[in-house]
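Participant: This is entry_27.cif (mmCIF, C-alpha atoms).
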data_final
#
loop_
_atom_site.group_PDB
_atom_site.id
_atom_site.type_symbol
_atom_site.label_atom_id
_atom_site.label_comp_id
_atom_site.auth_asym_id
_atom_site.auth_seq_id
_atom_site.Cartn_x
_atom_site.Cartn_y
_atom_site.Cartn_z
ATOM 1 C CA MET A 1 68.824 4.004 -0.451
ATOM 2 C CA ARG A 2 65.577 2.845 -2.023
ATOM 3 C CA LYS A 3 64.172 2.065 1.467
ATOM 4 C CA ILE A 4 65.036 5.566 2.702
ATOM 5 C CA ALA A 5 63.382 7.182 -0.311
ATOM 6 C CA ILE A 6 60.201 5.144 0.205
ATOM 7 C CA ALA A 7 60.174 5.928 3.931
ATOM 8 C CA ILE A 8 60.493 9.656 3.192
ATOM 9 C CA MET A 9 57.638 9.468 0.706
ATOM 10 C CA ALA A 10 55.510 7.641 3.300
ATOM 11 C CA LEU A 11 56.199 10.347 5.878
ATOM 12 C CA ILE A 12 55.224 13.049 3.385
ATOM 13 C CA VAL A 13 51.948 11.267 2.695
ATOM 14 C CA VAL A 14 51.305 10.924 6.439
ATOM 15 C CA GLY A 15 51.999 14.627 6.904
ATOM 16 C CA MET A 16 49.391 15.404 4.256
ATOM 17 C CA LEU A 17 46.860 13.127 5.960
ATOM 18 C CA ILE A 18 47.262 14.419 9.506
ATOM 19 C CA PRO A 19 44.713 17.193 10.063
ATOM 20 C CA ILE A 20 45.761 20.628 11.208
ATOM 21 C CA GLY A 21 45.590 20.816 14.994
ATOM 22 C CA PHE A 22 45.851 17.033 15.323
ATOM 23 C CA SER A 23 47.843 17.498 18.555
ATOM 24 C CA THR A 24 44.713 18.711 20.342
ATOM 25 C CA ASP A 25 43.414 16.094 22.761
ATOM 26 C CA SER A 26 39.724 15.883 21.923
ATOM 27 C CA ASN A 27 38.987 13.950 25.124
ATOM 28 C CA VAL A 28 39.980 16.862 27.370
ATOM 29 C CA VAL A 29 38.237 20.223 27.726
ATOM 30 C CA ILE A 30 38.785 23.156 30.074
ATOM 31 C CA THR A 31 36.003 25.561 30.969
ATOM 32 C CA TYR A 32 37.055 28.884 32.452
ATOM 33 C CA GLY A 33 34.793 31.189 34.408
ATOM 34 C CA GLU A 34 34.667 34.393 32.379
ATOM 35 C CA THR A 35 36.168 36.466 35.212
ATOM 36 C CA THR A 36 39.114 34.096 35.407
ATOM 37 C CA HIS A 37 39.642 33.975 31.659
ATOM 38 C CA ALA A 38 39.627 37.781 31.384
ATOM 39 C CA ASN A 39 42.436 38.152 33.936
ATOM 40 C CA SER A 40 45.798 36.739 32.854
ATOM 41 C CA ASN A 41 47.009 36.329 36.438
ATOM 42 C CA TYR A 42 43.843 34.480 37.446
ATOM 43 C CA LYS A 43 44.055 32.251 34.384
ATOM 44 C CA SER A 44 47.688 31.456 35.152
ATOM 45 C CA VAL A 45 46.787 30.333 38.689
ATOM 46 C CA VAL A 46 44.056 28.056 37.346
ATOM 47 C CA ASP A 47 46.262 26.668 34.562
ATOM 48 C CA ASN A 48 49.016 25.842 37.050
ATOM 49 C CA PHE A 49 46.556 23.855 39.161
ATOM 50 C CA PHE A 50 45.399 21.878 36.140
ATOM 51 C CA LYS A 51 48.972 21.202 35.019
ATOM 52 C CA SER A 52 50.079 19.959 38.423
ATOM 53 C CA GLN A 53 46.979 17.878 39.175
ATOM 54 C CA ALA A 54 45.976 16.475 35.787
ATOM 55 C CA ASN A 55 49.507 16.126 34.371
ATOM 56 C CA ILE A 56 48.260 17.342 30.998
ATOM 57 C CA ASP A 57 49.721 19.746 28.452
ATOM 58 C CA ILE A 58 46.875 22.257 28.580
ATOM 59 C CA ASN A 59 48.183 23.977 25.448
ATOM 60 C CA ASN A 60 46.864 21.017 23.477
ATOM 61 C CA VAL A 61 43.297 20.938 24.788
ATOM 62 C CA ASP A 62 40.154 22.803 23.828
ATOM 63 C CA SER A 63 38.773 25.455 26.152
ATOM 64 C CA LYS A 64 35.454 27.195 26.636
ATOM 65 C CA ILE A 65 34.357 30.253 28.596
ATOM 66 C CA ILE A 66 31.392 30.035 30.968
ATOM 67 C CA THR A 67 29.705 33.411 31.181
ATOM 68 C CA ALA A 68 27.570 35.021 33.859
ATOM 69 C CA ASP A 69 24.621 34.863 31.456
ATOM 70 C CA GLN A 70 24.974 31.078 31.215
ATOM 71 C CA VAL A 71 25.189 30.717 34.996
ATOM 72 C CA ASN A 72 22.282 33.095 35.573
ATOM 73 C CA LYS A 73 20.121 31.129 33.173
ATOM 74 C CA VAL A 74 20.298 28.315 35.693
ATOM 75 C CA SER A 75 20.748 30.042 39.049
ATOM 76 C CA SER A 76 18.021 32.645 38.622
ATOM 77 C CA SER A 77 15.306 30.032 38.299
ATOM 78 C CA ILE A 78 16.619 28.030 41.257
ATOM 79 C CA THR A 79 17.850 30.520 43.862
ATOM 80 C CA GLY A 80 16.939 33.875 42.342
ATOM 81 C CA LYS A 81 20.612 34.840 42.388
ATOM 82 C CA TYR A 82 22.178 36.817 39.558
ATOM 83 C CA TYR A 83 25.916 37.036 39.005
ATOM 84 C CA GLY A 84 27.904 39.735 37.255
ATOM 85 C CA SER A 85 30.624 39.112 34.689
ATOM 86 C CA ASP A 86 33.154 39.875 37.443
ATOM 87 C CA GLN A 87 31.878 37.046 39.690
ATOM 88 C CA ILE A 88 32.392 33.878 37.640
ATOM 89 C CA PHE A 89 35.677 32.421 38.878
ATOM 90 C CA SER A 90 35.194 28.640 39.110
ATOM 91 C CA SER A 91 36.929 26.680 36.349
ATOM 92 C CA ALA A 92 37.042 22.998 35.508
ATOM 93 C CA LEU A 93 38.996 20.490 33.441
ATOM 94 C CA VAL A 94 37.304 17.310 32.239
ATOM 95 C CA ASP A 95 39.501 14.401 31.155
ATOM 96 C CA LEU A 96 37.723 11.486 29.494
ATOM 97 C CA ASN A 97 40.956 9.646 28.800
ATOM 98 C CA ASP A 98 40.663 8.668 32.465
ATOM 99 C CA ASN A 99 37.178 7.189 32.311
ATOM 100 C CA ALA A 100 37.224 3.972 34.351
ATOM 101 C CA LYS A 101 34.994 5.674 36.915
ATOM 102 C CA LEU A 102 33.798 9.158 37.796
ATOM 103 C CA GLN A 103 36.314 11.113 39.865
ATOM 104 C CA VAL A 104 36.292 14.760 40.945
ATOM 105 C CA SER A 105 39.380 16.491 42.358
ATOM 106 C CA VAL A 106 38.536 19.796 44.026
ATOM 107 C CA ASP A 107 41.024 22.497 44.967
ATOM 108 C CA LYS A 108 39.948 22.731 48.602
ATOM 109 C CA SER A 109 42.101 25.796 49.158
ATOM 110 C CA LYS A 110 39.882 27.763 46.774
ATOM 111 C CA ILE A 111 36.495 26.003 46.466
ATOM 112 C CA THR A 112 34.819 26.820 49.763
ATOM 113 C CA THR A 113 31.408 25.125 49.669
ATOM 114 C CA ILE A 114 30.925 22.423 47.028
ATOM 115 C CA THR A 115 32.842 19.204 47.663
ATOM 116 C CA GLY A 116 34.001 16.533 45.267
ATOM 117 C CA ASP A 117 31.265 14.206 46.522
ATOM 118 C CA MET A 118 28.621 16.866 45.839
ATOM 119 C CA TYR A 119 29.822 17.236 42.251
ATOM 120 C CA ILE A 120 29.878 13.464 41.804
ATOM 121 C CA SER A 121 26.337 13.147 43.138
ATOM 122 C CA ALA A 122 25.017 15.905 40.863
ATOM 123 C CA LEU A 123 26.838 14.540 37.812
ATOM 124 C CA LYS A 124 25.457 11.068 38.451
ATOM 125 C CA SER A 125 22.021 12.655 38.669
ATOM 126 C CA ALA A 126 22.704 13.878 35.144
ATOM 127 C CA GLY A 127 23.700 10.415 33.940
ATOM 128 C CA ILE A 128 27.457 11.069 33.959
ATOM 129 C CA THR A 129 29.367 8.158 35.466
ATOM 130 C CA SER A 130 32.926 8.350 34.123
ATOM 131 C CA GLY A 131 35.769 10.779 33.550
ATOM 132 C CA HIS A 132 38.092 12.729 35.819
ATOM 133 C CA VAL A 133 37.041 16.278 36.684
ATOM 134 C CA TYR A 134 39.303 18.911 38.255
ATOM 135 C CA VAL A 135 37.767 22.046 39.788
ATOM 136 C CA THR A 136 39.532 25.179 40.980
ATOM 137 C CA SER A 137 39.338 28.965 41.179
ATOM 138 C CA PRO A 138 41.963 31.715 41.338
ATOM 139 C CA VAL A 139 40.264 33.163 44.440
ATOM 140 C CA PRO A 140 37.966 31.642 47.088
ATOM 141 C CA ALA A 141 34.635 30.728 45.487
ATOM 142 C CA THR A 142 31.686 28.547 46.434
ATOM 143 C CA GLY A 143 32.071 26.382 43.325
ATOM 144 C CA GLU A 144 28.377 26.395 42.418
ATOM 145 C CA SER A 145 28.921 27.833 38.941
ATOM 146 C CA ALA A 146 31.496 25.159 38.055
ATOM 147 C CA LEU A 147 28.824 22.521 37.407
ATOM 148 C CA ALA A 148 27.551 24.427 34.365
ATOM 149 C CA GLY A 149 31.065 24.369 32.932
ATOM 150 C CA ILE A 150 31.613 20.715 33.766
ATOM 151 C CA MET A 151 28.447 19.638 31.972
ATOM 152 C CA ASN A 152 29.330 21.895 29.052
ATOM 153 C CA SER A 153 32.692 20.110 28.838
ATOM 154 C CA TYR A 154 31.025 16.718 28.652
ATOM 155 C CA GLU A 155 28.838 18.003 25.825
ATOM 156 C CA VAL A 156 31.878 19.259 23.905
ATOM 157 C CA VAL A 157 33.871 16.042 24.333
ATOM 158 C CA THR A 158 31.027 13.644 23.547
ATOM 159 C CA ASP A 159 29.205 15.887 21.043
ATOM 160 C CA VAL A 160 25.942 14.977 22.806
ATOM 161 C CA GLU A 161 23.775 17.604 24.475
ATOM 162 C CA ILE A 162 22.547 16.976 27.999
ATOM 163 C CA PRO A 163 18.769 17.537 28.107
ATOM 164 C CA GLU A 164 17.851 20.871 29.677
ATOM 165 C CA SER A 165 15.592 19.164 32.224
ATOM 166 C CA VAL A 166 18.541 17.064 33.382
ATOM 167 C CA LYS A 167 20.893 20.061 33.599
ATOM 168 C CA GLU A 168 18.336 21.944 35.668
ATOM 169 C CA ALA A 169 17.847 19.026 38.076
ATOM 170 C CA ALA A 170 21.609 18.545 38.570
ATOM 171 C CA ASN A 171 22.212 22.252 39.072
ATOM 172 C CA ASP A 172 19.279 22.476 41.468
ATOM 173 C CA GLU A 173 20.888 19.722 43.532
ATOM 174 C CA ILE A 174 24.173 21.657 43.753
ATOM 175 C CA TYR A 175 22.570 25.014 44.517
ATOM 176 C CA THR A 176 20.240 23.514 47.125
ATOM 177 C CA GLN A 177 23.117 21.875 48.974
ATOM 178 C CA ALA A 178 25.197 25.072 48.819
ATOM 179 C CA GLU A 179 22.319 27.073 50.313
ATOM 180 C CA ILE A 180 21.884 24.591 53.161
ATOM 181 C CA VAL A 181 25.616 24.481 53.953
ATOM 182 C CA ASN A 182 25.844 28.270 53.961
ATOM 183 C CA ASN A 183 22.678 28.850 55.999
ATOM 184 C CA SER A 184 22.472 25.965 58.465
ATOM 185 C CA GLY A 185 26.033 25.210 59.467
ATOM 186 C CA VAL A 186 25.709 21.512 58.638
ATOM 187 C CA SER A 187 28.978 20.069 57.326
ATOM 188 C CA ALA A 188 29.237 19.580 53.582
ATOM 189 C CA ASP A 189 30.328 15.968 54.080
ATOM 190 C CA ASP A 190 27.330 15.139 56.290
ATOM 191 C CA LEU A 191 24.933 16.780 53.854
ATOM 192 C CA SER A 192 26.472 15.021 50.868
ATOM 193 C CA LYS A 193 26.154 11.660 52.594
ATOM 194 C CA LEU A 194 22.523 12.424 53.467
ATOM 195 C CA VAL A 195 21.675 13.300 49.862
ATOM 196 C CA ASN A 196 23.393 10.198 48.483
ATOM 197 C CA GLU A 197 21.678 7.850 50.944
ATOM 198 C CA VAL A 198 18.251 9.365 50.317
ATOM 199 C CA LYS A 199 18.712 9.380 46.550
ATOM 200 C CA GLU A 200 19.650 5.708 46.608
ATOM 201 C CA GLU A 201 16.581 4.789 48.656
ATOM 202 C CA VAL A 202 14.302 6.905 46.499
ATOM 203 C CA ALA A 203 15.727 5.473 43.273
ATOM 204 C CA LYS A 204 15.519 1.890 44.542
ATOM 205 C CA ASP A 205 11.766 2.180 45.148
ATOM 206 C CA ASN A 206 11.210 4.702 42.322
ATOM 207 C CA VAL A 207 9.640 7.184 44.741
ATOM 208 C CA THR A 208 8.318 10.411 43.220
ATOM 209 C CA ASP A 209 5.851 11.447 45.923
ATOM 210 C CA HIS A 210 7.023 14.586 47.720
ATOM 211 C CA THR A 211 5.649 13.661 51.144
ATOM 212 C CA THR A 212 7.290 10.244 51.029
ATOM 213 C CA ILE A 213 10.648 11.810 50.154
ATOM 214 C CA VAL A 214 10.275 14.275 53.030
ATOM 215 C CA ASN A 215 9.609 11.375 55.405
ATOM 216 C CA ILE A 216 12.703 9.514 54.155
ATOM 217 C CA ILE A 217 14.839 12.623 54.725
ATOM 218 C CA ASN A 218 13.318 13.167 58.166
ATOM 219 C CA ASN A 219 14.114 9.596 59.186
ATOM 220 C CA TYR A 220 17.705 9.955 58.034
ATOM 221 C CA VAL A 221 18.124 13.329 59.783
ATOM 222 C CA GLN A 222 16.783 11.977 63.076
ATOM 223 C CA ASN A 223 18.743 8.733 62.954
ATOM 224 C CA ASN A 224 22.000 10.521 62.189
ATOM 225 C CA ASN A 225 21.475 13.572 64.398
ATOM 226 C CA ILE A 226 21.805 16.101 61.585
ATOM 227 C CA ASN A 227 20.661 19.611 62.383
ATOM 228 C CA ILE A 228 18.842 21.144 59.415
ATOM 229 C CA THR A 229 15.579 23.074 59.328
ATOM 230 C CA ASN A 230 12.210 21.906 58.055
ATOM 231 C CA ASN A 231 12.624 24.388 55.221
ATOM 232 C CA ASP A 232 15.955 22.755 54.314
ATOM 233 C CA ILE A 233 14.267 19.357 54.293
ATOM 234 C CA GLU A 234 11.492 20.638 52.032
ATOM 235 C CA ASN A 235 14.027 22.114 49.616
ATOM 236 C CA LEU A 236 16.051 18.896 49.561
ATOM 237 C CA ALA A 237 12.893 16.894 48.923
ATOM 238 C CA ASP A 238 12.020 19.204 46.013
ATOM 239 C CA SER A 239 15.501 18.737 44.564
ATOM 240 C CA ILE A 240 15.520 14.945 44.888
ATOM 241 C CA GLU A 241 11.978 14.754 43.534
ATOM 242 C CA GLN A 242 13.077 16.753 40.503
ATOM 243 C CA VAL A 243 15.974 14.323 39.908
ATOM 244 C CA GLN A 244 13.545 11.408 40.049
ATOM 245 C CA ASN A 245 11.135 13.039 37.636
ATOM 246 C CA VAL A 246 13.764 13.429 34.880
ATOM 247 C CA GLN A 247 15.018 9.832 34.946
ATOM 248 C CA GLY A 248 13.545 9.192 31.512
ATOM 249 C CA ASP A 249 15.671 12.001 30.057
ATOM 250 C CA VAL A 250 18.683 10.832 32.076
ATOM 251 C CA ASN A 251 18.423 7.316 30.673
ATOM 252 C CA TYR A 252 18.075 8.675 27.130
ATOM 253 C CA TYR A 253 21.254 10.731 27.581
ATOM 254 C CA LYS A 254 23.141 7.789 29.091
ATOM 255 C CA ASN A 255 22.241 5.652 26.087
ATOM 256 C CA GLN A 256 23.467 8.388 23.739
ATOM 257 C CA VAL A 257 26.915 8.606 25.334
ATOM 258 C CA SER A 258 27.449 5.032 26.524
ATOM 259 C CA GLY A 259 29.394 3.973 23.437
ATOM 260 C CA PHE A 260 31.666 7.000 23.608
ATOM 261 C CA LEU A 261 32.379 6.685 27.313
ATOM 262 C CA ASN A 262 33.166 2.991 26.935
ATOM 263 C CA ASP A 263 35.672 3.744 24.192
ATOM 264 C CA THR A 264 37.047 7.281 24.128
ATOM 265 C CA ASP A 265 39.443 6.464 21.274
ATOM 266 C CA THR A 266 36.814 7.309 18.667
ATOM 267 C CA SER A 267 39.116 8.699 16.022
ATOM 268 C CA GLY A 268 40.788 5.452 14.999
ATOM 269 C CA PHE A 269 43.739 7.656 14.052
ATOM 270 C CA SER A 270 47.007 7.247 15.930
ATOM 271 C CA ILE A 271 50.460 8.614 15.265
ATOM 272 C CA ASP A 272 52.043 5.567 16.912
ATOM 273 C CA SER A 273 50.098 3.153 14.748
ATOM 274 C CA ILE A 274 51.059 5.073 11.609
ATOM 275 C CA PHE A 275 54.768 4.995 12.434
ATOM 276 C CA ASP A 276 54.512 1.311 13.310
ATOM 277 C CA TRP A 277 53.000 0.757 9.878
ATOM 278 C CA ILE A 278 55.801 2.710 8.178
ATOM 279 C CA LYS A 279 58.423 0.700 10.083
ATOM 280 C CA SER A 280 56.904 -2.641 9.128
ATOM 281 C CA PHE A 281 56.420 -1.444 5.544
ATOM 282 C CA VAL A 282 60.021 -0.381 5.143
ATOM 283 C CA ASN A 283 61.346 -3.546 6.815
ATOM 284 C CA GLY A 284 59.314 -5.614 4.403
ATOM 285 C CA ILE A 285 60.858 -4.031 1.299
#
Show how you would write the structure in this file as structure tokens.
Facilitator:
Amino acid sequence: MRKIAIAIMALIVVGMLIPIGFSTDSNVVITYGETTHANSNYKSVVDNFFKSQANIDINNVDSKIITADQVNKVSSSITGKYYGSDQIFSSALVDLNDNAKLQVSVDKSKITTITGDMYISALKSAGITSGHVYVTSPVPATGESALAGIMNSYEVVTDVEIPESVKEAANDEIYTQAEIVNNSGVSADDLSKLVNEVKEEVAKDNVTDHTTIVNIINNYVQNNNINITNNDIENLADSIEQVQNVQGDVNYYKNQVSGFLNDTDTSGFSIDSIFDWIKSFVNGI
């Protein structure tokens, strides 16, 4: 009887210690395009994708809304495009519980232009190398605007802001590739492979000279029989050059989040460990 009374008292104390909303998984964040979030049917379609693919109770995760204003802040300076509040569909879930390596799962039935490899390349350009990202939309969408939400999610989970110069470079990479895919007819997979190969060569030799980057792209295009225009090559070179020029900021950001990404269990507070303690405590009485 005495053991039961002590156990009950321990549970009461634990209940007082557990913060309100403790069930929320702080390592997972969903970002909804504002058009999707404003339409209950659209949101339901997106939520169902996340539930089936990520196997997560989305009722227990934080969410954010990515607005047209936020997307336009980036896109207008890169492509000159402006989006209305009824055009932001792409949504993303970021799970840092699964952080052994960077993975991106794209709903290919809805995201028409940007591939998982393109997202991975752009995120690595921003210094992000771990976590599992899921991207979808309730209707067919290019997927360009999703990157803003993905990076926002990483900021929320890690509580570290990505430098604006880094965000701009990563977004420029995505928008540039989307423009080339839409205008030239080159396959997204071929273009993604081109960008990755060139970025690796440029990074290896720390190349920042525009003409040299153009020559590297030209060599790759010719050797692999890829049909893109000189204007496409110039735009790609600009994008890759921009990524190279922000490496100092990228490295600073990576240092800021390295500890978190290596150990996402930052709270030190676990229900299981508490109940294990109660069990051992009661057994020891």
Participant: Can you turn the PyMOL selection byres ((chain A and resi 49-53) around 12) into a concrete residue list for this file, as a CSV table (one decimal) with C-alpha atoms, in the frame of the given file?
Facilitator:
chain,number,residue,atom,x,y,z
A,28,VAL,CA,40.0,16.9,27.4
A,29,VAL,CA,38.2,20.2,27.7
A,30,ILE,CA,38.8,23.2,30.1
A,31,THR,CA,36.0,25.6,31.0
A,32,TYR,CA,37.1,28.9,32.5
A,42,TYR,CA,43.8,34.5,37.4
A,43,LYS,CA,44.1,32.3,34.4
A,44,SER,CA,47.7,31.5,35.2
A,45,VAL,CA,46.8,30.3,38.7
A,46,VAL,CA,44.1,28.1,37.3
A,47,ASP,CA,46.3,26.7,34.6
A,48,ASN,CA,49.0,25.8,37.0
A,54,ALA,CA,46.0,16.5,35.8
A,55,ASN,CA,49.5,16.1,34.4
A,56,ILE,CA,48.3,17.3,31.0
A,57,ASP,CA,49.7,19.7,28.5
A,58,ILE,CA,46.9,22.3,28.6
A,59,ASN,CA,48.2,24.0,25.4
A,60,ASN,CA,46.9,21.0,23.5
A,61,VAL,CA,43.3,20.9,24.8
A,91,SER,CA,36.9,26.7,36.3
A,92,ALA,CA,37.0,23.0,35.5
A,93,LEU,CA,39.0,20.5,33.4
A,94,VAL,CA,37.3,17.3,32.2
A,95,ASP,CA,39.5,14.4,31.2
A,104,VAL,CA,36.3,14.8,40.9
A,105,SER,CA,39.4,16.5,42.4
A,106,VAL,CA,38.5,19.8,44.0
A,107,ASP,CA,41.0,22.5,45.0
A,108,LYS,CA,39.9,22.7,48.6
A,109,SER,CA,42.1,25.8,49.2
A,110,LYS,CA,39.9,27.8,46.8
A,132,HIS,CA,38.1,12.7,35.8
A,133,VAL,CA,37.0,16.3,36.7
A,134,TYR,CA,39.3,18.9,38.3
A,135,VAL,CA,37.8,22.0,39.8
A,136,THR,CA,39.5,25.2,41.0
A,137,SER,CA,39.3,29.0,41.2
A,138,PRO,CA,42.0,31.7,41.3
Participant: Measure the distance from atom CA of His37 of chain A to atom CA of Ile65 of chain A in Å and round it to one decimal.
Facilitator: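 That distance, rounded to one decimal, is 7.2 Å.
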Participant: To one decimal place in Å, what is the distance between atom CA of Thr212 of chain A and atom CA of Glu173 of chain A?
Facilitator: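 Between these atoms lies a distance of 18.2 Å.
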Participant: Excluding Ser145 of chain A and residues on its chain fewer than 2 positions from it, collect all residues at most 7 Å away from it, counting all atoms listed in the file, and give them as a PyMOL selection string.
Facilitator: chain A and resi 71+90+143+147-148
Participant: Can you write just those residues out, C-alpha atoms, as a compact mmCIF listing (two decimals), in the frame of the given file?
Facilitator:
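After the write, out.txt holds the following:
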# COMPACT_ATOMS: atom_id res chain seq x y z
CA VAL A 71 25.19 30.72 35.00
CA SER A 90 35.19 28.64 39.11
CA GLY A 143 32.07 26.38 43.32
CA LEU A 147 28.82 22.52 37.41
CA ALA A 148 27.55 24.43 34.36
Participant: Considering all atoms listed in the file, state which residue in the set A:Thr158, A:Asn99, A:Asn39, A:Gln87 is at the smallest distance from Glu144 of chain A.
Facilitator: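 Distance minimum relative to Glu144 of chain A lands on A:Gln87.
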Participant: What does the distance from atom CA of Gln244 of chain A to atom CA of Thr211 of chain A come to in Å, to one decimal?
Facilitator: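 Atom CA of Thr211 of chain A lies at a distance of 13.8 Å from atom CA of Gln244 of chain A.
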Participant: If you count only C-alpha atoms, which residues fall within 9 Å of Asp86 of chain A, apart from same-chain ones fewer than 5 positions away, as a VMD selection string?
Facilitator: chain A and resid 34 to 36 68
Participant: Find, counting all atoms listed in the file, the residue in A:Gln177, A:Ser258, A:Thr208, A:Gln103 that gets nearest to Ile228 of chain A.
Facilitator: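 Looking only at the distances to Ile228 of chain A, the closest residue turns out to be A:Gln177.
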Participant: Could you write segment 33-57 of chain A as an mmCIF file, in the frame of the given file, with N, CA and C atoms rebuilt where they are missing?
Facilitator:
data_model
loop_
_atom_site.group_PDB
_atom_site.id
_atom_site.type_symbol
_atom_site.label_atom_id
_atom_site.label_comp_id
_atom_site.auth_asym_id
_atom_site.auth_seq_id
_atom_site.Cartn_x
_atom_site.Cartn_y
_atom_site.Cartn_z
ATOM 1 N N GLY A 33 35.738 30.140 34.069
ATOM 2 C CA GLY A 33 34.793 31.189 34.408
ATOM 3 C C GLY A 33 35.222 32.463 33.700
ATOM 4 N N GLU A 34 34.271 33.251 33.225
ATOM 5 C CA GLU A 34 34.667 34.393 32.379
ATOM 6 C C GLU A 34 35.518 35.406 33.127
ATOM 7 N N THR A 35 35.338 35.548 34.434
ATOM 8 C CA THR A 35 36.168 36.466 35.212
ATOM 9 C C THR A 35 37.609 35.990 35.233
ATOM 10 N N THR A 36 37.776 34.692 35.395
ATOM 11 C CA THR A 36 39.114 34.096 35.407
ATOM 12 C C THR A 36 39.793 34.236 34.049
ATOM 13 N N HIS A 37 39.050 33.934 32.997
ATOM 14 C CA HIS A 37 39.642 33.975 31.659
ATOM 15 C C HIS A 37 40.057 35.386 31.255
ATOM 16 N N ALA A 38 39.352 36.394 31.766
ATOM 17 C CA ALA A 38 39.627 37.781 31.384
ATOM 18 C C ALA A 38 40.843 38.355 32.111
ATOM 19 N N ASN A 39 41.313 37.661 33.142
ATOM 20 C CA ASN A 39 42.436 38.152 33.936
ATOM 21 C C ASN A 39 43.602 37.185 33.776
ATOM 22 N N SER A 40 44.684 37.635 33.172
ATOM 23 C CA SER A 40 45.798 36.739 32.854
ATOM 24 C C SER A 40 46.415 36.120 34.104
ATOM 25 N N ASN A 41 46.463 36.880 35.195
ATOM 26 C CA ASN A 41 47.009 36.329 36.438
ATOM 27 C C ASN A 41 46.109 35.235 36.997
ATOM 28 N N TYR A 42 44.798 35.479 36.981
ATOM 29 C CA TYR A 42 43.843 34.480 37.446
ATOM 30 C C TYR A 42 43.946 33.203 36.604
ATOM 31 N N LYS A 43 43.997 33.401 35.295
ATOM 32 C CA LYS A 43 44.055 32.251 34.384
ATOM 33 C C LYS A 43 45.328 31.446 34.620
ATOM 34 N N SER A 44 46.425 32.143 34.903
ATOM 35 C CA SER A 44 47.688 31.456 35.152
ATOM 36 C C SER A 44 47.610 30.586 36.407
ATOM 37 N N VAL A 45 46.958 31.102 37.446
ATOM 38 C CA VAL A 45 46.787 30.333 38.689
ATOM 39 C C VAL A 45 45.995 29.056 38.417
ATOM 40 N N VAL A 46 44.907 29.200 37.670
ATOM 41 C CA VAL A 46 44.056 28.056 37.346
ATOM 42 C C VAL A 46 44.814 27.056 36.475
ATOM 43 N N ASP A 47 45.505 27.549 35.463
ATOM 44 C CA ASP A 47 46.262 26.668 34.562
ATOM 45 C C ASP A 47 47.324 25.878 35.325
ATOM 46 N N ASN A 48 47.980 26.527 36.276
ATOM 47 C CA ASN A 48 49.016 25.842 37.050
ATOM 48 C C ASN A 48 48.425 24.710 37.879
ATOM 49 N N PHE A 49 47.222 24.919 38.404
ATOM 50 C CA PHE A 49 46.556 23.855 39.161
ATOM 51 C C PHE A 49 46.266 22.674 38.244
ATOM 52 N N PHE A 50 45.725 22.953 37.074
ATOM 53 C CA PHE A 50 45.399 21.878 36.140
ATOM 54 C C PHE A 50 46.652 21.117 35.704
ATOM 55 N N LYS A 51 47.725 21.849 35.435
ATOM 56 C CA LYS A 51 48.972 21.202 35.019
ATOM 57 C C LYS A 51 49.498 20.271 36.100
ATOM 58 N N SER A 52 49.498 20.740 37.338
ATOM 59 C CA SER A 52 50.079 19.959 38.423
ATOM 60 C C SER A 52 49.203 18.767 38.806
ATOM 61 N N GLN A 53 47.885 18.932 38.731
ATOM 62 C CA GLN A 53 46.979 17.878 39.175
ATOM 63 C C GLN A 53 46.648 16.871 38.078
ATOM 64 N N ALA A 54 46.408 17.366 36.878
ATOM 65 C CA ALA A 54 45.976 16.475 35.787
ATOM 66 C C ALA A 54 47.135 15.940 34.967
ATOM 67 N N ASN A 55 48.321 16.556 35.127
ATOM 68 C CA ASN A 55 49.507 16.126 34.371
ATOM 69 C C ASN A 55 49.235 16.105 32.870
ATOM 70 N N ILE A 56 48.661 17.217 32.399
ATOM 71 C CA ILE A 56 48.260 17.342 30.998
ATOM 72 C C ILE A 56 48.861 18.617 30.415
ATOM 73 N N ASP A 57 49.270 18.553 29.157
ATOM 74 C CA ASP A 57 49.721 19.746 28.452
ATOM 75 C C ASP A 57 48.484 20.533 28.040
#
